[in-house]
Structures are given as structure tokens and as C-alpha cells.
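This is final.txt. It holds compact mmCIF, C-alpha atoms.
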# COMPACT_ATOMS: atom_id res chain seq x y z
CA MET A 1 0.00 0.00 0.00
CA PRO A 2 1.31 3.53 -0.67
CA PRO A 3 2.15 5.92 2.16
CA SER A 4 -0.88 7.84 3.39
CA GLY A 5 -1.33 11.59 3.53
CA GLY A 6 1.39 12.32 0.97
CA ASP A 7 4.17 11.28 3.35
CA LYS A 8 7.61 11.07 1.81
CA VAL A 9 8.83 7.50 1.31
CA LYS A 10 11.55 6.90 3.89
CA GLY A 11 13.25 3.90 2.28
CA LYS A 12 12.84 0.49 0.73
CA ILE A 13 12.72 -2.57 2.99
CA LEU A 14 12.80 -6.24 2.00
CA VAL A 15 10.82 -8.38 4.48
CA VAL A 16 11.75 -12.09 4.32
CA ASP A 17 9.83 -14.67 6.36
CA ASP A 18 8.29 -18.04 5.52
CA GLU A 19 5.01 -16.94 7.15
CA GLU A 20 3.11 -14.93 4.53
CA ALA A 21 0.78 -13.49 7.17
CA LEU A 22 3.78 -12.12 9.06
CA THR A 23 5.41 -10.53 6.01
CA ARG A 24 2.08 -8.89 5.13
CA LEU A 25 1.57 -7.62 8.68
CA VAL A 26 5.09 -6.20 8.98
CA SER A 27 4.93 -4.65 5.50
CA TYR A 28 1.53 -3.09 6.15
CA ASN A 29 2.73 -1.39 9.33
CA LEU A 30 6.01 -0.19 7.83
CA GLU A 31 4.22 1.19 4.77
CA LYS A 32 1.89 3.14 7.07
CA ASP A 33 5.05 4.85 8.35
CA GLY A 34 6.15 5.81 4.85
CA PHE A 35 8.39 2.91 3.82
CA THR A 36 8.17 0.92 0.60
CA CYS A 37 8.20 -2.83 1.28
CA LEU A 38 9.10 -5.88 -0.78
CA GLN A 39 8.19 -9.37 0.42
CA ALA A 40 9.72 -12.84 0.07
CA ASN A 41 8.77 -16.13 1.73
CA GLU A 42 11.75 -18.33 0.91
CA GLY A 43 15.50 -17.81 0.90
CA GLY A 44 16.54 -19.09 -2.49
CA ARG A 45 15.97 -15.84 -4.41
CA VAL A 46 16.67 -13.30 -1.68
CA GLN A 47 20.10 -12.29 -2.93
CA GLU A 48 18.74 -11.94 -6.46
CA ILE A 49 16.03 -9.61 -5.14
CA ILE A 50 18.58 -7.59 -3.17
CA ALA A 51 20.81 -7.18 -6.23
CA ARG A 52 17.88 -6.11 -8.40
CA GLU A 53 15.94 -3.89 -5.96
CA GLN A 54 18.77 -2.44 -3.83
CA PRO A 55 16.76 -2.21 -0.58
CA ASP A 56 17.88 0.10 2.20
CA LEU A 57 17.38 -2.63 4.81
CA VAL A 58 16.55 -6.35 4.97
CA ILE A 59 14.41 -7.94 7.68
CA LEU A 60 15.55 -11.55 7.49
CA ASP A 61 14.05 -14.58 9.20
CA LEU A 62 16.50 -17.14 10.56
CA MET A 63 14.59 -20.25 9.45
CA LEU A 64 13.72 -20.17 5.75
CA PRO A 65 13.15 -22.77 3.05
CA GLY A 66 15.69 -22.77 0.23
CA GLN A 67 18.46 -20.95 2.09
CA ASP A 68 18.36 -19.96 5.74
CA GLY A 69 18.90 -16.48 7.06
CA LEU A 70 22.36 -17.14 8.47
CA GLU A 71 23.61 -18.37 5.09
CA ILE A 72 22.09 -15.39 3.30
CA CYS A 73 23.65 -12.93 5.73
CA ARG A 74 27.04 -14.64 5.50
CA ASP A 75 26.96 -14.64 1.69
CA MET A 76 25.94 -10.96 1.61
CA ARG A 77 28.84 -9.91 3.78
CA SER A 78 31.31 -12.17 1.95
CA ALA A 79 30.30 -10.45 -1.29
CA GLY A 80 30.86 -7.01 0.26
CA ASP A 81 27.15 -6.18 0.52
CA LYS A 82 26.76 -3.81 3.49
CA THR A 83 22.97 -3.49 3.33
CA PRO A 84 21.74 -3.35 6.96
CA VAL A 85 20.17 -6.62 8.18
CA ILE A 86 17.82 -7.21 11.10
CA MET A 87 17.55 -10.92 11.89
CA LEU A 88 14.34 -12.53 13.12
CA THR A 89 14.52 -15.69 15.20
CA ALA A 90 11.64 -17.80 16.48
CA ARG A 91 13.82 -19.17 19.24
CA ASP A 92 15.38 -17.35 22.16
CA ASP A 93 18.60 -19.36 21.89
CA GLU A 94 21.64 -17.19 22.50
CA ILE A 95 23.56 -19.13 19.86
CA ASP A 96 21.16 -17.96 17.13
CA LYS A 97 21.68 -14.33 18.06
CA VAL A 98 25.44 -14.65 18.44
CA LEU A 99 25.83 -16.43 15.09
CA GLY A 100 23.73 -13.84 13.32
CA LEU A 101 25.81 -11.00 14.75
CA GLU A 102 29.09 -12.74 13.99
CA LEU A 103 28.00 -13.14 10.37
CA GLY A 104 27.34 -9.42 10.06
CA ALA A 105 23.72 -8.78 11.08
CA ASP A 106 23.15 -5.29 12.46
CA ASP A 107 20.48 -6.25 14.98
CA TYR A 108 18.08 -9.04 15.90
CA VAL A 109 14.51 -9.37 17.15
CA THR A 110 13.14 -12.50 18.80
CA LYS A 111 9.66 -13.80 17.95
CA PRO A 112 7.07 -13.15 19.11
CA PHE A 113 7.74 -9.43 18.86
CA SER A 114 5.58 -6.34 18.84
CA VAL A 115 5.33 -4.42 15.58
CA ARG A 116 6.19 -1.29 17.54
CA GLU A 117 9.48 -2.85 18.69
CA LEU A 118 10.41 -3.93 15.17
CA LYS A 119 9.58 -0.51 13.73
CA ALA A 120 11.76 1.13 16.38
CA ARG A 121 14.65 -1.17 15.44
CA VAL A 122 14.19 -0.44 11.74
CA LYS A 123 14.20 3.31 12.28
CA ALA A 124 17.23 3.14 14.59
CA VAL A 125 19.28 1.10 12.09
CA LEU A 126 18.37 3.40 9.20
CA ARG A 127 19.00 6.52 11.27
CA ARG A 128 22.49 5.30 12.12
CA ARG A 129 23.12 4.52 8.46
CA ASN A 130 22.01 8.03 7.43
CA ASP A 131 24.11 9.64 10.16
CA ARG A 132 27.06 7.60 8.94
CA ASP A 133 26.54 8.69 5.33
CA GLU A 134 26.37 12.35 6.40
CA GLU A 135 29.57 11.99 8.40
CA ASN A 136 31.29 10.34 5.46
CA GLY A 137 30.41 13.33 3.32
CA ARG A 138 32.10 15.71 5.77
CA SER A 139 35.31 13.97 6.73
CA GLY A 140 38.37 12.42 5.16
CA PRO A 141 40.80 9.74 6.41
CA VAL A 142 41.80 9.94 10.08
CA ASN A 143 45.16 8.54 11.20
CA ILE A 144 45.34 7.13 14.73
CA GLY A 145 48.63 5.37 15.44
CA SER A 146 49.02 2.52 12.97
CA PHE A 147 45.30 2.66 12.17
CA THR A 148 43.59 4.79 9.50
CA ILE A 149 39.83 5.35 9.46
CA ASN A 150 38.49 6.05 5.97
CA PRO A 151 34.85 7.14 6.31
CA ASP A 152 34.38 7.50 2.54
CA SER A 153 34.98 3.79 1.90
CA TYR A 154 33.84 2.68 5.35
CA GLU A 155 37.15 0.93 5.90
CA ILE A 156 39.83 0.85 8.58
CA PHE A 157 43.44 0.17 7.67
CA ARG A 158 46.20 -1.07 9.91
CA ASN A 159 49.72 -0.47 8.64
CA ASN A 160 48.17 0.31 5.24
CA ARG A 161 46.37 -3.04 5.09
CA VAL A 162 42.58 -2.99 5.14
CA LEU A 163 40.90 -4.90 7.97
CA ASP A 164 38.12 -7.35 7.07
CA LEU A 165 35.31 -5.78 9.11
CA THR A 166 31.54 -5.96 9.05
CA VAL A 167 29.70 -2.63 9.11
CA LYS A 168 29.03 -2.85 12.82
CA GLU A 169 32.62 -3.90 13.59
CA TYR A 170 33.80 -0.86 11.64
CA GLU A 171 31.52 1.44 13.63
CA LEU A 172 32.61 -0.03 16.96
CA LEU A 173 36.34 0.07 16.20
CA ALA A 174 36.04 3.59 14.79
CA ILE A 175 34.38 4.94 17.94
CA LEU A 176 36.97 3.19 20.13
CA LEU A 177 39.83 4.60 18.05
CA ARG A 178 38.41 8.12 18.00
CA ASN A 179 38.17 7.96 21.81
CA ARG A 180 41.58 6.31 22.32
CA GLY A 181 42.59 6.33 25.97
CA LYS A 182 39.03 7.01 27.22
CA VAL A 183 36.80 4.48 28.96
CA LEU A 184 33.53 4.11 27.07
CA LYS A 185 30.65 2.72 29.10
CA ARG A 186 28.72 -0.33 27.89
CA ASP A 187 25.41 1.50 28.01
CA TYR A 188 26.85 4.36 25.96
CA LEU A 189 28.16 2.05 23.22
CA LEU A 190 24.90 0.09 23.10
CA ASP A 191 22.88 3.28 22.89
CA VAL A 192 25.02 4.90 20.18
CA LEU A 193 25.62 1.81 18.02
CA TRP A 194 22.49 -0.28 18.61
CA ASP A 195 19.97 2.04 20.23
CA TYR A 196 19.63 -0.32 23.21
CA PRO A 197 18.50 1.39 26.43
CA ASP A 198 20.61 -0.77 28.73
CA SER A 199 23.13 -3.61 28.72
CA SER A 200 21.34 -6.05 31.00
CA SER A 201 19.72 -8.29 28.37
CA THR A 202 22.08 -8.44 25.41
CA ARG A 203 25.49 -9.82 24.48
CA VAL A 204 25.63 -7.93 21.20
CA LEU A 205 28.49 -5.69 22.35
CA ASP A 206 30.50 -8.58 23.81
CA VAL A 207 30.20 -10.53 20.55
CA HIS A 208 31.51 -7.62 18.49
CA ILE A 209 34.35 -6.88 20.91
CA SER A 210 35.38 -10.55 20.71
CA LYS A 211 35.33 -10.48 16.89
CA LEU A 212 37.37 -7.27 16.78
CA ARG A 213 39.98 -8.74 19.09
CA GLU A 214 40.32 -11.75 16.81
CA LYS A 215 41.12 -9.38 13.96
CA ILE A 216 43.58 -6.96 15.60
CA GLU A 217 45.06 -8.62 18.70
CA ARG A 218 48.03 -10.99 18.79
CA ASP A 219 46.60 -12.73 21.86
CA THR A 220 42.85 -12.42 22.40
CA ARG A 221 43.20 -13.66 25.98
CA ASN A 222 45.65 -10.88 26.75
CA PRO A 223 44.54 -8.01 24.52
CA GLN A 224 46.99 -5.19 23.87
CA TYR A 225 44.55 -2.69 22.40
CA ILE A 226 40.90 -3.24 23.39
CA LYS A 227 40.86 -3.40 27.17
CA THR A 228 37.92 -4.50 29.30
CA ILE A 229 37.29 -2.13 32.21
CA ARG A 230 35.42 -4.52 34.45
CA GLY A 231 31.95 -3.37 35.45
CA ILE A 232 32.19 -0.25 33.26
CA GLY A 233 33.00 -0.84 29.61
CA TYR A 234 35.92 -0.80 27.18
CA LYS A 235 38.93 1.34 26.32
CA PHE A 236 41.28 1.41 23.34
CA GLU A 237 44.80 1.63 24.77
CA GLU A 238 47.52 3.85 23.42
CA GLU A 239 49.73 1.85 21.08
CA VAL A 240 53.09 0.63 22.35
CA ASP A 241 55.89 -1.07 20.44
CA VAL A 242 56.16 -4.81 21.16

Show this structure as C-alpha cells.
Amino acid sequence: MPPSGGDKVKGKILVVDDEEALTRLVSYNLEKDGFTCLQANEGGRVQEIIAREQPDLVILDLMLPGQDGLEICRDMRSAGDKTPVIMLTARDDEIDKVLGLELGADDYVTKPFSVRELKARVKAVLRRRNDRDEENGRSGPVNIGSFTINPDSYEIFRNNRVLDLTVKEYELLAILLRNRGKVLKRDYLLDVLWDYPDSSSTRVLDVHISKLREKIERDTRNPQYIKTIRGIGYKFEEEVDV
């Protein structure tokens, strides 16, 4: 359905779930808020649809016929596709959420969920993407020790070699680097990067910190750069020669 009242279309969203009633319900409510929605009920053609339609965001169910959501998300990121992804899971298993985040999903919502919650997540993810695009248009490369943040390409280099980062890993490492030497609280990072109100019910930050350490630390059990400040948050240490 078209947006009502002449509202400006806010973006294009692909809703993928094997339950047709759910895709219709989610699409209906997002379209009322000014979004254009595409729908799919199996995973086999999702990447073809993404390539053809270029959606601004994908709402992706974990369990799909043809190809499951984790495989789709993994293949998207492996191909360099940085389209934001919100994963849906019918189970509350922590492993589902952790795997989805490790494979590059931007957020997750557990079924059953309220439409209001999902819409809030959609708007938060898209708002962060728009803020990021605006920042990229204003700033050039930033050198911090052996690291270089390049907002234009959304890449971080270390000793002139690009790091293999997901979008969310880039955002987390960039904010840590830009605040080198400062302790950043968990709640602050969750609010800025994921729009979560508190840290009590999610491991999303811990998962991304762990993945970053695997990519930049020599010893993940004894990290040199990303330090845990117990009970508070994280800090990126000043670089030292080793």
C-alpha cells in the first residue's frame, strides 16, 4: 500500500519470512510509516532480489526454506554487501543471536515481537546509516597510530592493510579509536551503536568486541589494544611497540 497523507517515502525494505501473514503484517505497518516494502517467503531468491531492488534494509528470518537467514547474511557480507540486516529468530537461543551478529547482522529481534518494537529497530538502524553517510560526506581519512579510518569507503586500515570488518565492527572500532585512551561505558556504546537502552539483556556488544579482538590482537586472551574495564565498559589503549 502507498504511504498515506502524501508522506515522503523513507526507504525500501525487504521483508523475508516463511510466514506470509507475518510478512504482510510487517509490510503493512512499515508502509503506514512511509516505507516501501518488498516481500519474500523463501531464501533461495533473496540475494537476487537484493541485487535487483537495492533495498535500504533487509528484515531476514533465521529459518527459511531454500536458504536460511544465516547463510544469506554470510553470503551478503562475503560479497561485500553492506545493506543493513535485522535478523528474526523464532527461538530465544543465545547461539542464534550470536551467530547472526558474527556473520554481520546489524540487529536481531526474537519472535514473538511487537510491531512497535520492530519498527523502532528499523528506524534506529536506518538513522544510524544516514548519520554515517552524512559523516562520510564531511570527513576524510583519520590517522590514529598505525590505524587509519576512511569514512568514505567505510574501511579501517592497519599499517596500510585494510581490515576485514563488518559494518558494525567498523563502527565499533572507529568509535573506540576516536576515543583512544578514554573508557567508554557499555550503556553508551549500546545506545550509540544499537539504540539499546541498557546492557542487562544483550550480548551484542561482547560478541563484536570478541570479533574485533580476533582481527587486531596478537593474543585475544591478553589483549593489547581493546581493554575491558570490568563493570564499566571498554577502552582502546595507546599503542606501544612490542

Legend entry - From A:Ile175, A:Ile149, A:Leu60, A:Cys37, residue lying nearest Thr110 (chain A) [all atoms listed in the file]: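 The shortest atom-to-atom distance to Thr110 (chain A) comes from A:Leu60.
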
Legend entry - Pairwise distance for CA of Pro112 (chain A) and CA of Asp18 (chain A), rounded to one decimal in Å: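 Calculated distance between CA of Pro112 (chain A) and CA of Asp18 (chain A) is 14.5 Å.
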
Legend entry - Contact residues around Pro84 (chain A) with only C-alpha atoms at 9 Å, ignoring same-chain residues under 5 positions, as a list of chain:residue names: A:Asp56, A:Leu57, A:Val58, A:Ile59, A:Gly104, A:Ala105, A:Asp106, A:Asp107, A:Val125, A:Leu126, A:Arg129, A:Val167

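For region 179-186 of chain A, the list of residues within 7 Å, based on only C-alpha atoms and with local chain neighbours fewer than 4 positions off taken out, reads Ile175, Leu190, Ser199, Ile232, Gly233, Tyr234, Lys235, Phe236, Glu237 and Glu238 of chain A.
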
Legend entry - One-decimal distance in Å that lies between CA of Asp206 (chain A) and CA of Arg230 (chain A): 12.4 Å

Legend entry - Residues within 12 Å of Leu22 (chain A), all atoms listed in the file, excluding chain neighbours under 2 positions, as JSON, numbers by chain: {"A": [15, 16, 17, 18, 19, 20, 24, 25, 26, 27, 28, 29, 39, 40, 41, 59, 60, 61, 88, 111, 112, 113, 114, 115]}

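Relative to CA of Ile86 (chain A), CA of Glu48 (chain A) is found at 18.2 Å.
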
Protein and nucleic acid residues near (44.9, 2.5, 12.5) (cut-off 10 Å, all atoms listed in the file) as an mmCIF file with C-alpha atoms, keeping the file's coordinate frame:
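Printed below is out.cif as written:
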data_model
loop_
_atom_site.group_PDB
_atom_site.id
_atom_site.type_symbol
_atom_site.label_atom_id
_atom_site.label_comp_id
_atom_site.auth_asym_id
_atom_site.auth_seq_id
_atom_site.Cartn_x
_atom_site.Cartn_y
_atom_site.Cartn_z
ATOM 1 C CA VAL A 142 41.800 9.940 10.080
ATOM 2 C CA ASN A 143 45.160 8.540 11.200
ATOM 3 C CA ILE A 144 45.340 7.130 14.730
ATOM 4 C CA GLY A 145 48.630 5.370 15.440
ATOM 5 C CA SER A 146 49.020 2.520 12.970
ATOM 6 C CA PHE A 147 45.300 2.660 12.170
ATOM 7 C CA THR A 148 43.590 4.790 9.500
ATOM 8 C CA ILE A 149 39.830 5.350 9.460
ATOM 9 C CA ASN A 150 38.490 6.050 5.970
ATOM 10 C CA ILE A 156 39.830 0.850 8.580
ATOM 11 C CA PHE A 157 43.440 0.170 7.670
ATOM 12 C CA ARG A 158 46.200 -1.070 9.910
ATOM 13 C CA ASN A 159 49.720 -0.470 8.640
ATOM 14 C CA ASN A 160 48.170 0.310 5.240
ATOM 15 C CA ARG A 161 46.370 -3.040 5.090
ATOM 16 C CA VAL A 162 42.580 -2.990 5.140
ATOM 17 C CA LEU A 163 40.900 -4.900 7.970
ATOM 18 C CA LEU A 173 36.340 0.070 16.200
ATOM 19 C CA ALA A 174 36.040 3.590 14.790
ATOM 20 C CA LEU A 177 39.830 4.600 18.050
ATOM 21 C CA GLU A 239 49.730 1.850 21.080
#

Counting only C-alpha atoms, give me one row per residue of region 95-122 of chain A with an atom at most 12 Å from an atom of region 211-215 of chain A, showing the shortest contact pair and its distance in Å to one decimal, sorted by chain then residue number, as CSV.
residue,atom,partner,partner_atom,distance
A:Val98,CA,A:Lys211,CA,10.8
A:Leu99,CA,A:Lys211,CA,11.4
A:Leu101,CA,A:Lys211,CA,9.8
A:Glu102,CA,A:Lys211,CA,7.2
A:Leu103,CA,A:Lys211,CA,10.2
A:Gly104,CA,A:Lys211,CA,10.6

Inset, instruction - Kindly indicate which residue among A:Val122, A:Ile13, A:Ala51, A:Ile209 lies nearest to Ile226 (chain A), using all atoms listed in the file for the distances. - result: A:Ile209

If I wrap all listed atoms of region 229-233 of chain A in a box with edges along x, y and z and add 4 Å on each side, what are its centre and edge lengths in Å to one decimal, as JSON?
{"center_x": 34.6, "center_y": -2.4, "center_z": 32.5, "size_x": 13.3, "size_y": 12.3, "size_z": 13.8}

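The shortest atom-to-atom distance to Asp75 (chain A), with only C-alpha atoms taken into account, belongs to A:Val46 out of A:Val46, A:Ile216, A:Ala21, A:Val109.
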
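In terms of minimum interatomic distance to Arg127 (chain A), A:Asp195 ranks closest within A:Asp195, A:Asp33, A:Asp164, A:Gly43, counting all atoms listed in the file.
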